[in-house]
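As C-alpha cells, the structure follows; a few thoughts come after it.
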Amino acid sequence: MAAEGFYITELRLTGRNKINASVIFRKGLNVISGASDTGKSYIFQCINYVFGSSDEPKEIDESMGYSTIYLEIESYLGETKTLKRDIGEPKIQVYDCKIDEITPLQDFIDLKGSHDPKDDNNISTFLLSFNNIESMKLRKNQRGEKVAFSFRNFVRMIMINEEKIISEISPILSGIPTNKTAELSAFKAVLTGVDDSGGPELEDPKIYKTRLEAKLEIINNLIQKLRKEIEEKKELVIDLDSNNLDLQIEQVSERIADNSKIINENMEERKRIWEEEQEIKSRILMLEELVGRFDLLKKSYLSDLDRLQFIIEGDHFISQLYDSNCPICNNTINQEAFNFLEHNHAIQVENLQIACEEESDKLRSQLLDLNDTVSTLKSELEEKRASARELNQKIAQIDQFIQKELKPISVIAMEHLKFLLNTKKLFHEIEINEKRILEYQITQRDIMHELSKKNVKIQYVNEISEEIYKDFSNEIKTLLENWNYPDLTSVSFDHETHDLVVSGKKRKNHGKGYRAILNAAFTIGLMKYTRKLGLKHPGMVILDSPLTTYKEKAEKTFFWKKAMTFLWT
C-alpha cells in the first residue's frame with residue numbers, strides 16, 4: 001500500500017462563548033449516523049470548506065455562534081498538521097502540530113483558499129504535496145488548453161455529497177458541460193498516473209482568427225508589392241529577349257577572355273623588352289663611367305707630356321738666365337762661373353733630356369691606345385643608346401596599342417557583359433517574384449479556407465486502455481461481491497456515459513438506492529485501485545448518506561437511518 005496521502009483525525013468548531021464541538025476520527029472506517037437535521041451534512045460541508053471550497057457551510061441551528069473550523073490531518077508517514085479557516089475568510093492557516101498543541105503564539109502559515117499554479121502558498125498545493133504532486137496538467141477544453149490539476153479535482157473523486165451520491169450523472173462528472181473535458185482528464189490522470197502536460201493545444205478561436213486575418217492582410221500586401229515590382233522590372237526589359245541571353249553572355253565572355261589573353265601577351269612582351277632595355281641602360285651607365293674615367297686619364301697623360309716638354313725646353317731657356325740659380329746644384333749661374341767645373345752639368349742635362357724624350361714617347365703611345373679605347377667605348381655607347389631608344393619606342397608602341405586598342409575593347413565588352421548580366425538578373429527576379437506570388441496565393445487560399453472553417457477542436461482520444469478499465473471494474477466488482485450486492489453478474493465501464501454498467505444495466509438506470517451504493521463502490525474502488533498500484537490518491541473517501549434510500553429486495557429491509565461514511569486506507 002502506498003505511503004502517500006493523509007486522513008482526518010479531528011474536526012473541531014470553535015466560537016466565542018461556545019463550547020468546542022469536535023468529531024474524532026480514527027484510521028480505517030468511520031461512520032457517523034443519526035436522524036435527519038442532526039448535522040451530518042454540515043460536517044461534510046465544513047471539511048469541504050477547509051479543503052478550499054468557496055461555499056461556506058450552510059447555517060444550521062447547532063452551528064450558530066461557531067466561527068472557526070479546525071481540521072487535524074495526519075499523513076500516512078505520521079506527520080500531523082492542523083488546518084484552520086474562519087468562516088467567511090478566504091485564507092487558511094496551517095499549523096505544524098495537533099489542534100490541542102496550538103497556542104496563541106504558535107507559528108502558522110497563511111494559505112490562499114484557491115489553487116494558483118504561479119504561487120505555491122495555497123491550500124491546494126499544500127494538500128497535493130502529501131501525494132508528492134508538484135505540477136500536473138489537465139485538458140480544459142476541446143482546443144487542448146491546459147489547466148493545473150488542483151486538490152479540488154481530487155475532492156470531486158473522494159467526497160460525494162448526499163445529492164451527488166444518488167445522481168444519475170457519472171461519479172466523475174459534475175454535470176456542467178464546460179467542465180466535462182477537465183473532469184475526464186482528471187479522472188484519466190488519477191486512474192493511469194499520466195496527465196495531459198504533453199498534449200496538443202490549439203489557440204483561442206478569436207485569437208486564431210485575428211492572427212489569420214492579420215497574416216492574410218500581410219500576404220495580400222506582399223502579393224500587391226511583388227506584382228508592382230514585376231511590372232517595373234518588365235518595363236526595363238520590355239524590348240529584350242531572355243531566350244538567347246546565356247548565349248550572348250557566353251560570346252561576350254569569350255571576347256573578353258580573348259582580348260585579355262592578347263593584353264597579357266603584349267604585357268609579357270613589354271616586360272621582356274623593358275628588362276632588355278634595363279640591361280642596356282645598365283651598360284650605358286657603365287660605359288659613360290668608363291669614358292669619364294678615361295677622359296680624366298687622358299688629361300693626366302697630356303699634363304705629363306706638357307711637363308716633360310717643359311723640362312726638355314728648359315735648357316734653352318736656362319742658358320739665357322745668367323743670374324739664376326742652377327736647377328741642378330742650386331748655385332748662382334753666371335758667365336764666368338758657367339765655365340767652371342762645378343757648374344758643368346752638360347752631361348746630366350743631356351741624360352735628362354733623353355729620359356724626358358723617352359717618357360714622352362711612352363706617354364704618346366699610351367695616349368694613342370687610350371684614344372682608341374675611348375673611341376671604341378663611345379662607339380658602343382652610341383650603339384647602346386640607339387638600342388635603348390629603339391626598345392623604349394617599342395614599349396611606347398605596346399602601351400599605345402594596349403591603351404588605345406585593346407583596353408577599349410575590354411571596357412566596351414565589360415559594359416556589355418554587365419548589361420547582359422543585369423538583364424538576366426531582372427528576368428530571374430521577375431521569375432522568382434512570380435513563383436513567390438504563386439506560393440503566397442496558395443497560402444492565401446489556405447488561410448481563407450481556415451477562416452471559413454468552424455472552430456477547430458482536438459479530437460478527444462480516450463487514453464485509458466481497456467485493460468485498465470477491466471482491472472478497475474474488477475476492483476469494484478470485488479467490493480460489490482463482498483457487500484452481497486444482489487444478482488451481481490458483471491461490472492464494466494461505459495465509455496459514452498463514463499459510468500458503470502452493473503449486470504448489464506447502466507448505473508443511471510437503477511433506482512436511487514442502488515445508484516448510491518454503486519456510486520460508493522465506484523469511489524471506494526477508485527481509491528483501492530490507485531493505492532494498490534501506487535498511483536496518486538489522497539487515500540481517503542467521504543460519502544454522505546450512501547444507504548439512505550436503499551432497501552434489499554429479498555428481505556424488504558429499509559435503511560431509514562441516514563449515515564455518513566468516512567473511509568481511510
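So you can find residues: chains in the C-alpha cells are A, B, ... in the order shown, residues in each start at 1, and ligands are numbered from 1 in order.
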Practice prompt. Would you kindly return, as a ChimeraX atom specification, each protein, DNA or RNA residue with an atom no farther than 9 Å from any atom of Ile263 (chain A), considering only C-alpha atoms and excluding same-chain residues fewer than 5 positions away?
Written response: /A:258,268,402,406-407
Could you save those same residues with all heavy atoms as a PDB file, in the first residue's frame?
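Wrote again32.pdb, looks like this:
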ATOM      1  N   ASP A 258      39.461  36.440 -74.765  1.00  0.00           N
ATOM      2  CA  ASP A 258      40.435  36.517 -75.862  1.00  0.00           C
ATOM      3  C   ASP A 258      41.207  37.826 -75.811  1.00  0.00           C
ATOM      4  O   ASP A 258      42.436  37.855 -75.990  1.00  0.00           O
ATOM      5  CB  ASP A 258      39.712  36.394 -77.210  1.00  0.00           C
ATOM      6  CG  ASP A 258      39.115  35.005 -77.420  1.00  0.00           C
ATOM      7  OD1 ASP A 258      39.574  34.072 -76.717  1.00  0.00           O
ATOM      8  OD2 ASP A 258      38.203  34.863 -78.251  1.00  0.00           O
ATOM      9  N   GLU A 268      53.454  40.708 -71.491  1.00  0.00           N
ATOM     10  CA  GLU A 268      54.635  39.847 -71.361  1.00  0.00           C
ATOM     11  C   GLU A 268      55.748  40.331 -72.273  1.00  0.00           C
ATOM     12  O   GLU A 268      56.923  40.385 -71.883  1.00  0.00           O
ATOM     13  CB  GLU A 268      54.265  38.397 -71.682  1.00  0.00           C
ATOM     14  CG  GLU A 268      53.424  37.707 -70.629  1.00  0.00           C
ATOM     15  CD  GLU A 268      54.191  37.500 -69.339  1.00  0.00           C
ATOM     16  OE1 GLU A 268      55.421  37.290 -69.407  1.00  0.00           O
ATOM     17  OE2 GLU A 268      53.563  37.570 -68.261  1.00  0.00           O
ATOM     18  N   ILE A 402      47.924  48.807 -76.305  1.00  0.00           N
ATOM     19  CA  ILE A 402      47.064  48.309 -75.218  1.00  0.00           C
ATOM     20  C   ILE A 402      46.022  49.352 -74.828  1.00  0.00           C
ATOM     21  O   ILE A 402      44.833  49.040 -74.684  1.00  0.00           O
ATOM     22  CB  ILE A 402      47.923  47.907 -73.997  1.00  0.00           C
ATOM     23  CG1 ILE A 402      48.755  46.662 -74.323  1.00  0.00           C
ATOM     24  CG2 ILE A 402      47.038  47.644 -72.771  1.00  0.00           C
ATOM     25  CD1 ILE A 402      49.747  46.284 -73.240  1.00  0.00           C
ATOM     26  N   LEU A 406      43.336  47.679 -77.277  1.00  0.00           N
ATOM     27  CA  LEU A 406      42.896  46.514 -76.519  1.00  0.00           C
ATOM     28  C   LEU A 406      41.997  46.880 -75.328  1.00  0.00           C
ATOM     29  O   LEU A 406      40.940  46.273 -75.122  1.00  0.00           O
ATOM     30  CB  LEU A 406      44.115  45.718 -76.022  1.00  0.00           C
ATOM     31  CG  LEU A 406      45.004  45.117 -77.117  1.00  0.00           C
ATOM     32  CD1 LEU A 406      46.174  44.386 -76.501  1.00  0.00           C
ATOM     33  CD2 LEU A 406      44.195  44.174 -78.004  1.00  0.00           C
ATOM     34  N   LYS A 407      42.401  47.862 -74.529  1.00  0.00           N
ATOM     35  CA  LYS A 407      41.608  48.216 -73.347  1.00  0.00           C
ATOM     36  C   LYS A 407      40.227  48.728 -73.705  1.00  0.00           C
ATOM     37  O   LYS A 407      39.257  48.377 -73.042  1.00  0.00           O
ATOM     38  CB  LYS A 407      42.371  49.231 -72.491  1.00  0.00           C
ATOM     39  CG  LYS A 407      43.432  48.587 -71.611  1.00  0.00           C
ATOM     40  CD  LYS A 407      43.883  49.507 -70.507  1.00  0.00           C
ATOM     41  CE  LYS A 407      44.826  48.756 -69.556  1.00  0.00           C
ATOM     42  NZ  LYS A 407      45.304  49.620 -68.462  1.00  0.00           N
TER      43      LYS A 407
END
Practice prompt. Excluding Ala21 (chain A) and any residue of its chain fewer than 3 positions from it, enumerate the residues within 10 Å of it, using only C-alpha atoms, and give them as a ChimeraX atom specification.
Written response: /A:11-15,18,62-63,66,69
Store the residues picked out above, limited to N, CA, C and O atoms, as a PDB file, in the first residue's frame.
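Below you can see again.pdb, which holds the result:
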ATOM      1  N   LEU A  11     -12.157  16.948  13.550  1.00  0.00           N
ATOM      2  CA  LEU A  11     -12.798  18.176  13.075  1.00  0.00           C
ATOM      3  C   LEU A  11     -13.305  18.911  14.310  1.00  0.00           C
ATOM      4  O   LEU A  11     -14.014  18.327  15.142  1.00  0.00           O
ATOM      5  N   ARG A  12     -12.945  20.184  14.449  1.00  0.00           N
ATOM      6  CA  ARG A  12     -13.351  20.941  15.641  1.00  0.00           C
ATOM      7  C   ARG A  12     -13.850  22.316  15.220  1.00  0.00           C
ATOM      8  O   ARG A  12     -13.220  22.991  14.399  1.00  0.00           O
ATOM      9  N   LEU A  13     -14.968  22.721  15.796  1.00  0.00           N
ATOM     10  CA  LEU A  13     -15.516  24.051  15.573  1.00  0.00           C
ATOM     11  C   LEU A  13     -15.437  24.840  16.865  1.00  0.00           C
ATOM     12  O   LEU A  13     -15.725  24.295  17.958  1.00  0.00           O
ATOM     13  N   THR A  14     -15.032  26.087  16.760  1.00  0.00           N
ATOM     14  CA  THR A  14     -14.929  26.931  17.935  1.00  0.00           C
ATOM     15  C   THR A  14     -15.654  28.241  17.672  1.00  0.00           C
ATOM     16  O   THR A  14     -15.848  28.655  16.521  1.00  0.00           O
ATOM     17  N   GLY A  15     -16.052  28.878  18.726  1.00  0.00           N
ATOM     18  CA  GLY A  15     -16.712  30.179  18.630  1.00  0.00           C
ATOM     19  C   GLY A  15     -16.661  30.874  19.960  1.00  0.00           C
ATOM     20  O   GLY A  15     -16.429  30.256  21.013  1.00  0.00           O
ATOM     21  N   LYS A  18     -18.609  29.756  23.137  1.00  0.00           N
ATOM     22  CA  LYS A  18     -19.216  28.486  22.717  1.00  0.00           C
ATOM     23  C   LYS A  18     -18.307  27.347  23.155  1.00  0.00           C
ATOM     24  O   LYS A  18     -17.063  27.463  23.139  1.00  0.00           O
ATOM     25  N   GLU A  62     -27.544  24.224  15.180  1.00  0.00           N
ATOM     26  CA  GLU A  62     -26.431  23.814  16.036  1.00  0.00           C
ATOM     27  C   GLU A  62     -25.152  24.599  15.749  1.00  0.00           C
ATOM     28  O   GLU A  62     -24.230  24.605  16.577  1.00  0.00           O
ATOM     29  N   SER A  63     -25.064  25.222  14.579  1.00  0.00           N
ATOM     30  CA  SER A  63     -23.821  25.907  14.204  1.00  0.00           C
ATOM     31  C   SER A  63     -23.803  27.370  14.601  1.00  0.00           C
ATOM     32  O   SER A  63     -22.783  28.047  14.431  1.00  0.00           O
ATOM     33  N   TYR A  66     -20.669  29.481  16.118  1.00  0.00           N
ATOM     34  CA  TYR A  66     -19.367  28.911  15.756  1.00  0.00           C
ATOM     35  C   TYR A  66     -18.812  29.651  14.525  1.00  0.00           C
ATOM     36  O   TYR A  66     -19.514  29.833  13.528  1.00  0.00           O
ATOM     37  N   ILE A  69     -13.247  26.866  11.992  1.00  0.00           N
ATOM     38  CA  ILE A  69     -13.180  25.418  11.756  1.00  0.00           C
ATOM     39  C   ILE A  69     -11.713  24.983  11.836  1.00  0.00           C
ATOM     40  O   ILE A  69     -10.835  25.571  11.165  1.00  0.00           O
TER      41      ILE A  69
END
Worksheet item: In Å, with one decimal, what is the gap from CA of Asp399 (chain A) to CA of Arg255 (chain A)?
Response: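 Taking CA of Asp399 (chain A) and CA of Arg255 (chain A), their separation equals 20.5 Å.
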Worksheet item: region 5-152 of chain A: which residues are helix (DSSP H, G or I) by DSSP, as a PyMOL selection string?
Response: chain A and resi 40-50+61-63+99-101+123-131+151-152
Please dump the current selection as a PDB file, in the first residue's frame; keep N, CA and C atoms.
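Okay, this is what ended up in selection.pdb:
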ATOM      1  N   LYS A  40     -25.032  15.964  10.056  1.00  0.00           N
ATOM      2  CA  LYS A  40     -24.075  15.107   9.336  1.00  0.00           C
ATOM      3  C   LYS A  40     -23.548  15.801   8.076  1.00  0.00           C
ATOM      4  N   SER A  41     -24.459  16.336   7.285  1.00  0.00           N
ATOM      5  CA  SER A  41     -24.040  17.030   6.064  1.00  0.00           C
ATOM      6  C   SER A  41     -23.241  18.291   6.389  1.00  0.00           C
ATOM      7  N   TYR A  42     -23.513  18.886   7.554  1.00  0.00           N
ATOM      8  CA  TYR A  42     -22.763  20.079   7.972  1.00  0.00           C
ATOM      9  C   TYR A  42     -21.299  19.715   8.178  1.00  0.00           C
ATOM     10  N   ILE A  43     -21.076  18.532   8.747  1.00  0.00           N
ATOM     11  CA  ILE A  43     -19.690  18.060   8.913  1.00  0.00           C
ATOM     12  C   ILE A  43     -19.004  17.950   7.549  1.00  0.00           C
ATOM     13  N   PHE A  44     -19.737  17.353   6.608  1.00  0.00           N
ATOM     14  CA  PHE A  44     -19.214  17.207   5.241  1.00  0.00           C
ATOM     15  C   PHE A  44     -18.861  18.585   4.677  1.00  0.00           C
ATOM     16  N   GLN A  45     -19.728  19.561   4.843  1.00  0.00           N
ATOM     17  CA  GLN A  45     -19.522  20.899   4.283  1.00  0.00           C
ATOM     18  C   GLN A  45     -18.344  21.605   4.940  1.00  0.00           C
ATOM     19  N   CYS A  46     -18.180  21.390   6.268  1.00  0.00           N
ATOM     20  CA  CYS A  46     -17.040  22.003   6.969  1.00  0.00           C
ATOM     21  C   CYS A  46     -15.707  21.477   6.431  1.00  0.00           C
ATOM     22  N   ILE A  47     -15.645  20.159   6.243  1.00  0.00           N
ATOM     23  CA  ILE A  47     -14.417  19.555   5.707  1.00  0.00           C
ATOM     24  C   ILE A  47     -14.146  20.088   4.290  1.00  0.00           C
ATOM     25  N   ASN A  48     -15.184  20.130   3.496  1.00  0.00           N
ATOM     26  CA  ASN A  48     -15.059  20.618   2.125  1.00  0.00           C
ATOM     27  C   ASN A  48     -14.597  22.080   2.114  1.00  0.00           C
ATOM     28  N   TYR A  49     -15.087  22.877   3.061  1.00  0.00           N
ATOM     29  CA  TYR A  49     -14.741  24.293   3.133  1.00  0.00           C
ATOM     30  C   TYR A  49     -13.259  24.462   3.478  1.00  0.00           C
ATOM     31  N   VAL A  50     -12.774  23.675   4.428  1.00  0.00           N
ATOM     32  CA  VAL A  50     -11.352  23.749   4.796  1.00  0.00           C
ATOM     33  C   VAL A  50     -10.464  23.245   3.655  1.00  0.00           C
ATOM     34  N   ASP A  61     -29.111  25.228  13.113  1.00  0.00           N
ATOM     35  CA  ASP A  61     -29.311  25.723  14.482  1.00  0.00           C
ATOM     36  C   ASP A  61     -28.098  25.443  15.355  1.00  0.00           C
ATOM     37  N   GLU A  62     -27.544  24.224  15.180  1.00  0.00           N
ATOM     38  CA  GLU A  62     -26.431  23.814  16.036  1.00  0.00           C
ATOM     39  C   GLU A  62     -25.152  24.599  15.749  1.00  0.00           C
ATOM     40  N   SER A  63     -25.064  25.222  14.579  1.00  0.00           N
ATOM     41  CA  SER A  63     -23.821  25.907  14.204  1.00  0.00           C
ATOM     42  C   SER A  63     -23.803  27.370  14.601  1.00  0.00           C
ATOM     43  N   ILE A  99      -4.243  19.930  17.002  1.00  0.00           N
ATOM     44  CA  ILE A  99      -5.142  21.014  17.423  1.00  0.00           C
ATOM     45  C   ILE A  99      -4.871  21.403  18.874  1.00  0.00           C
ATOM     46  N   ASP A 100      -4.733  20.405  19.720  1.00  0.00           N
ATOM     47  CA  ASP A 100      -4.570  20.675  21.151  1.00  0.00           C
ATOM     48  C   ASP A 100      -3.231  21.328  21.473  1.00  0.00           C
ATOM     49  N   GLU A 101      -2.291  21.312  20.546  1.00  0.00           N
ATOM     50  CA  GLU A 101      -0.965  21.883  20.795  1.00  0.00           C
ATOM     51  C   GLU A 101      -0.849  23.329  20.316  1.00  0.00           C
ATOM     52  N   ILE A 123      -3.918  26.367  -0.393  1.00  0.00           N
ATOM     53  CA  ILE A 123      -4.296  25.117   0.259  1.00  0.00           C
ATOM     54  C   ILE A 123      -4.210  23.930  -0.686  1.00  0.00           C
ATOM     55  N   SER A 124      -4.514  24.155  -1.973  1.00  0.00           N
ATOM     56  CA  SER A 124      -4.479  23.056  -2.935  1.00  0.00           C
ATOM     57  C   SER A 124      -3.066  22.497  -3.082  1.00  0.00           C
ATOM     58  N   THR A 125      -2.093  23.395  -3.292  1.00  0.00           N
ATOM     59  CA  THR A 125      -0.700  22.947  -3.425  1.00  0.00           C
ATOM     60  C   THR A 125      -0.225  22.260  -2.150  1.00  0.00           C
ATOM     61  N   PHE A 126      -0.639  22.799  -1.007  1.00  0.00           N
ATOM     62  CA  PHE A 126      -0.252  22.200   0.273  1.00  0.00           C
ATOM     63  C   PHE A 126      -0.766  20.769   0.391  1.00  0.00           C
ATOM     64  N   LEU A 127      -2.059  20.551   0.092  1.00  0.00           N
ATOM     65  CA  LEU A 127      -2.629  19.211   0.210  1.00  0.00           C
ATOM     66  C   LEU A 127      -2.078  18.264  -0.852  1.00  0.00           C
ATOM     67  N   LEU A 128      -1.812  18.790  -2.058  1.00  0.00           N
ATOM     68  CA  LEU A 128      -1.229  17.941  -3.104  1.00  0.00           C
ATOM     69  C   LEU A 128       0.172  17.473  -2.727  1.00  0.00           C
ATOM     70  N   SER A 129       0.865  18.277  -1.914  1.00  0.00           N
ATOM     71  CA  SER A 129       2.230  17.894  -1.529  1.00  0.00           C
ATOM     72  C   SER A 129       2.247  16.596  -0.727  1.00  0.00           C
ATOM     73  N   PHE A 130       1.112  16.249  -0.063  1.00  0.00           N
ATOM     74  CA  PHE A 130       1.051  14.977   0.667  1.00  0.00           C
ATOM     75  C   PHE A 130       1.079  13.790  -0.295  1.00  0.00           C
ATOM     76  N   ASN A 131       0.804  14.044  -1.577  1.00  0.00           N
ATOM     77  CA  ASN A 131       0.900  12.992  -2.598  1.00  0.00           C
ATOM     78  C   ASN A 131       2.079  13.217  -3.537  1.00  0.00           C
ATOM     79  N   PHE A 151      -6.231  20.269  -5.939  1.00  0.00           N
ATOM     80  CA  PHE A 151      -6.801  19.307  -4.986  1.00  0.00           C
ATOM     81  C   PHE A 151      -8.314  19.216  -5.134  1.00  0.00           C
ATOM     82  N   ARG A 152      -8.945  20.262  -5.681  1.00  0.00           N
ATOM     83  CA  ARG A 152     -10.392  20.220  -5.907  1.00  0.00           C
ATOM     84  C   ARG A 152     -10.751  19.120  -6.902  1.00  0.00           C
TER      85      ARG A 152
END
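Proximity ranking of A:Asp119, A:Glu359, A:Glu72, A:Glu163 relative to Leu543 (chain A) places A:Glu163 first, based on only C-alpha atoms.
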Practice prompt. Identify, on the basis of only C-alpha atoms, every residue whose closest approach to region 213-229 of chain A does not exceed 12 Å; exclude the query and any residue fewer than 6 positions from it along the same chain; express the result as number ranges by chain.
Written response: A: 205-207, 235-236, 426-427, 429-452
Item to complete: Please identify all polymer residues within 9 Å of Lys506 (chain A), counting only C-alpha atoms, omitting same-chain residues fewer than 5 positions from it, and present them as an MDAnalysis selection string.
Response: chainID A and resid 494 497 499:501
Can I get the selected residues back with C-alpha atoms, as a PDB file, in the first residue's frame?
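The new file selection.pdb reads:
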ATOM      1  CA  ASP A 494     -19.420   2.590 -20.333  1.00  0.00           C
ATOM      2  CA  THR A 497     -21.623   7.850 -20.154  1.00  0.00           C
ATOM      3  CA  ASP A 499     -20.137   5.373 -15.767  1.00  0.00           C
ATOM      4  CA  LEU A 500     -20.586   1.830 -14.538  1.00  0.00           C
ATOM      5  CA  VAL A 501     -22.642  -0.903 -16.157  1.00  0.00           C
TER       6      VAL A 501
END
Practice prompt. Can you work out the spacing between CA of Thr192 (chain A) and CA of Lys512 (chain A) in Å, to one decimal?
Written response: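 Distance between the two atoms: 29.7 Å.
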Discussion item. Rounded to one decimal, what separation in Å do you get between CA of Ser282 (chain A) and CA of Leu368 (chain A)?
Written reply: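 Computed distance, CA of Ser282 (chain A) to CA of Leu368 (chain A), equals 27.7 Å.
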Worksheet entry | Best match for closeness to Phe154 (chain A) among A:Phe51, A:Trp274, A:Tyr95, A:Tyr514, counting only C-alpha atoms |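 Of A:Phe51, A:Trp274, A:Tyr95, A:Tyr514, the one nearest Phe154 (chain A) is A:Phe51, counting only C-alpha atoms.
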Practice prompt. Would you mind listing what lies within 10 Å of region 295-305 of chain A as a PyMOL selection string, with only C-alpha atoms counted and same-chain residues fewer than 3 positions away left out?
Written response: chain A and resi 289-292+308-311+356-357+359-364+366-368+370-371+374
Dump of N, CA, C and O atoms for the selected residues, as a compact mmCIF listing (two decimals), in the first residue's frame:
# COMPACT_ATOMS: atom_id res chain seq x y z
N GLU A 289 80.57 55.84 -67.45
CA GLU A 289 81.50 55.92 -66.33
C GLU A 289 82.93 55.68 -66.82
O GLU A 289 83.86 56.41 -66.43
N LEU A 290 83.10 54.68 -67.69
CA LEU A 290 84.44 54.38 -68.23
C LEU A 290 84.97 55.53 -69.08
O LEU A 290 86.15 55.92 -68.96
N VAL A 291 84.12 56.07 -69.94
CA VAL A 291 84.56 57.18 -70.80
C VAL A 291 84.99 58.37 -69.94
O VAL A 291 85.99 59.04 -70.20
N GLY A 292 84.21 58.62 -68.88
CA GLY A 292 84.55 59.72 -67.99
C GLY A 292 85.89 59.50 -67.32
O GLY A 292 86.71 60.43 -67.21
N LEU A 308 106.93 67.20 -69.30
CA LEU A 308 108.18 66.68 -69.91
C LEU A 308 108.69 67.63 -70.99
O LEU A 308 109.92 67.86 -71.13
N GLN A 309 107.78 68.16 -71.76
CA GLN A 309 108.17 69.10 -72.82
C GLN A 309 108.80 70.34 -72.22
O GLN A 309 109.77 70.90 -72.75
N PHE A 310 108.25 70.75 -71.09
CA PHE A 310 108.79 71.91 -70.41
C PHE A 310 110.22 71.65 -69.95
O PHE A 310 111.11 72.50 -70.04
N ILE A 311 110.47 70.45 -69.45
CA ILE A 311 111.83 70.10 -68.99
C ILE A 311 112.81 70.07 -70.18
O ILE A 311 113.94 70.56 -70.09
N CYS A 356 113.46 62.32 -70.70
CA CYS A 356 112.16 63.00 -70.90
C CYS A 356 111.58 62.66 -72.25
O CYS A 356 110.35 62.48 -72.39
N GLU A 357 112.48 62.55 -73.26
CA GLU A 357 112.01 62.21 -74.59
C GLU A 357 111.43 60.80 -74.59
O GLU A 357 110.37 60.54 -75.19
N GLU A 359 110.20 59.16 -72.07
CA GLU A 359 108.95 59.15 -71.30
C GLU A 359 107.83 59.75 -72.10
O GLU A 359 106.69 59.28 -72.08
N SER A 360 108.16 60.78 -72.85
CA SER A 360 107.13 61.44 -73.68
C SER A 360 106.65 60.49 -74.76
O SER A 360 105.44 60.41 -75.05
N ASP A 361 107.61 59.78 -75.39
CA ASP A 361 107.21 58.81 -76.42
C ASP A 361 106.28 57.74 -75.82
O ASP A 361 105.30 57.32 -76.46
N LYS A 362 106.63 57.29 -74.62
CA LYS A 362 105.80 56.28 -73.96
C LYS A 362 104.40 56.80 -73.68
O LYS A 362 103.39 56.13 -73.91
N LEU A 363 104.30 58.03 -73.20
CA LEU A 363 103.00 58.63 -72.89
C LEU A 363 102.19 58.83 -74.16
O LEU A 363 100.96 58.61 -74.16
N ARG A 364 102.87 59.24 -75.27
CA ARG A 364 102.15 59.43 -76.52
C ARG A 364 101.60 58.10 -77.03
O ARG A 364 100.49 58.02 -77.56
N GLN A 366 100.75 55.52 -75.08
CA GLN A 366 99.61 55.20 -74.20
C GLN A 366 98.40 56.06 -74.53
O GLN A 366 97.25 55.60 -74.46
N LEU A 367 98.68 57.30 -74.89
CA LEU A 367 97.60 58.21 -75.23
C LEU A 367 96.89 57.76 -76.50
O LEU A 367 95.65 57.83 -76.60
N LEU A 368 97.69 57.25 -77.46
CA LEU A 368 97.07 56.71 -78.68
C LEU A 368 96.17 55.52 -78.35
O LEU A 368 95.06 55.40 -78.87
N LEU A 370 94.80 54.90 -75.49
CA LEU A 370 93.66 55.39 -74.74
C LEU A 370 92.62 55.99 -75.66
O LEU A 370 91.40 55.76 -75.51
N ASN A 371 93.06 56.73 -76.65
CA ASN A 371 92.12 57.33 -77.61
C ASN A 371 91.37 56.26 -78.38
O ASN A 371 90.16 56.39 -78.64
N VAL A 374 88.79 54.78 -75.94
CA VAL A 374 87.68 55.72 -75.73
C VAL A 374 86.80 55.78 -76.96
O VAL A 374 85.57 55.81 -76.87
Item to complete: Could you check which of A:Val237, A:Ala182, A:Leu417, A:Leu381 is closest to Ile249 (chain A), using only C-alpha atoms?
Response: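 Checking each candidate against Ile249 (chain A), we get A:Leu417 as the closest.
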Worksheet entry | Proximity to Ser387 (chain A) - best of A:Glu277, A:Glu269, A:Glu79, A:Asp204, only C-alpha atoms |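 Under the stated criterion, the closest residue is A:Glu277.
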Discussion item. Taking only C-alpha atoms into account, name the residue in A:Thr82, A:Ser135, A:Asn141, A:Gln400 that is nearest to Ile109 (chain A).
Written reply: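 Under the stated criterion, the closest residue is A:Thr82.
Proximity ranking of A:Lys261, A:Lys505, A:His498, A:Arg515 relative to Ser545 (chain A) places A:Arg515 first, based on only C-alpha atoms.
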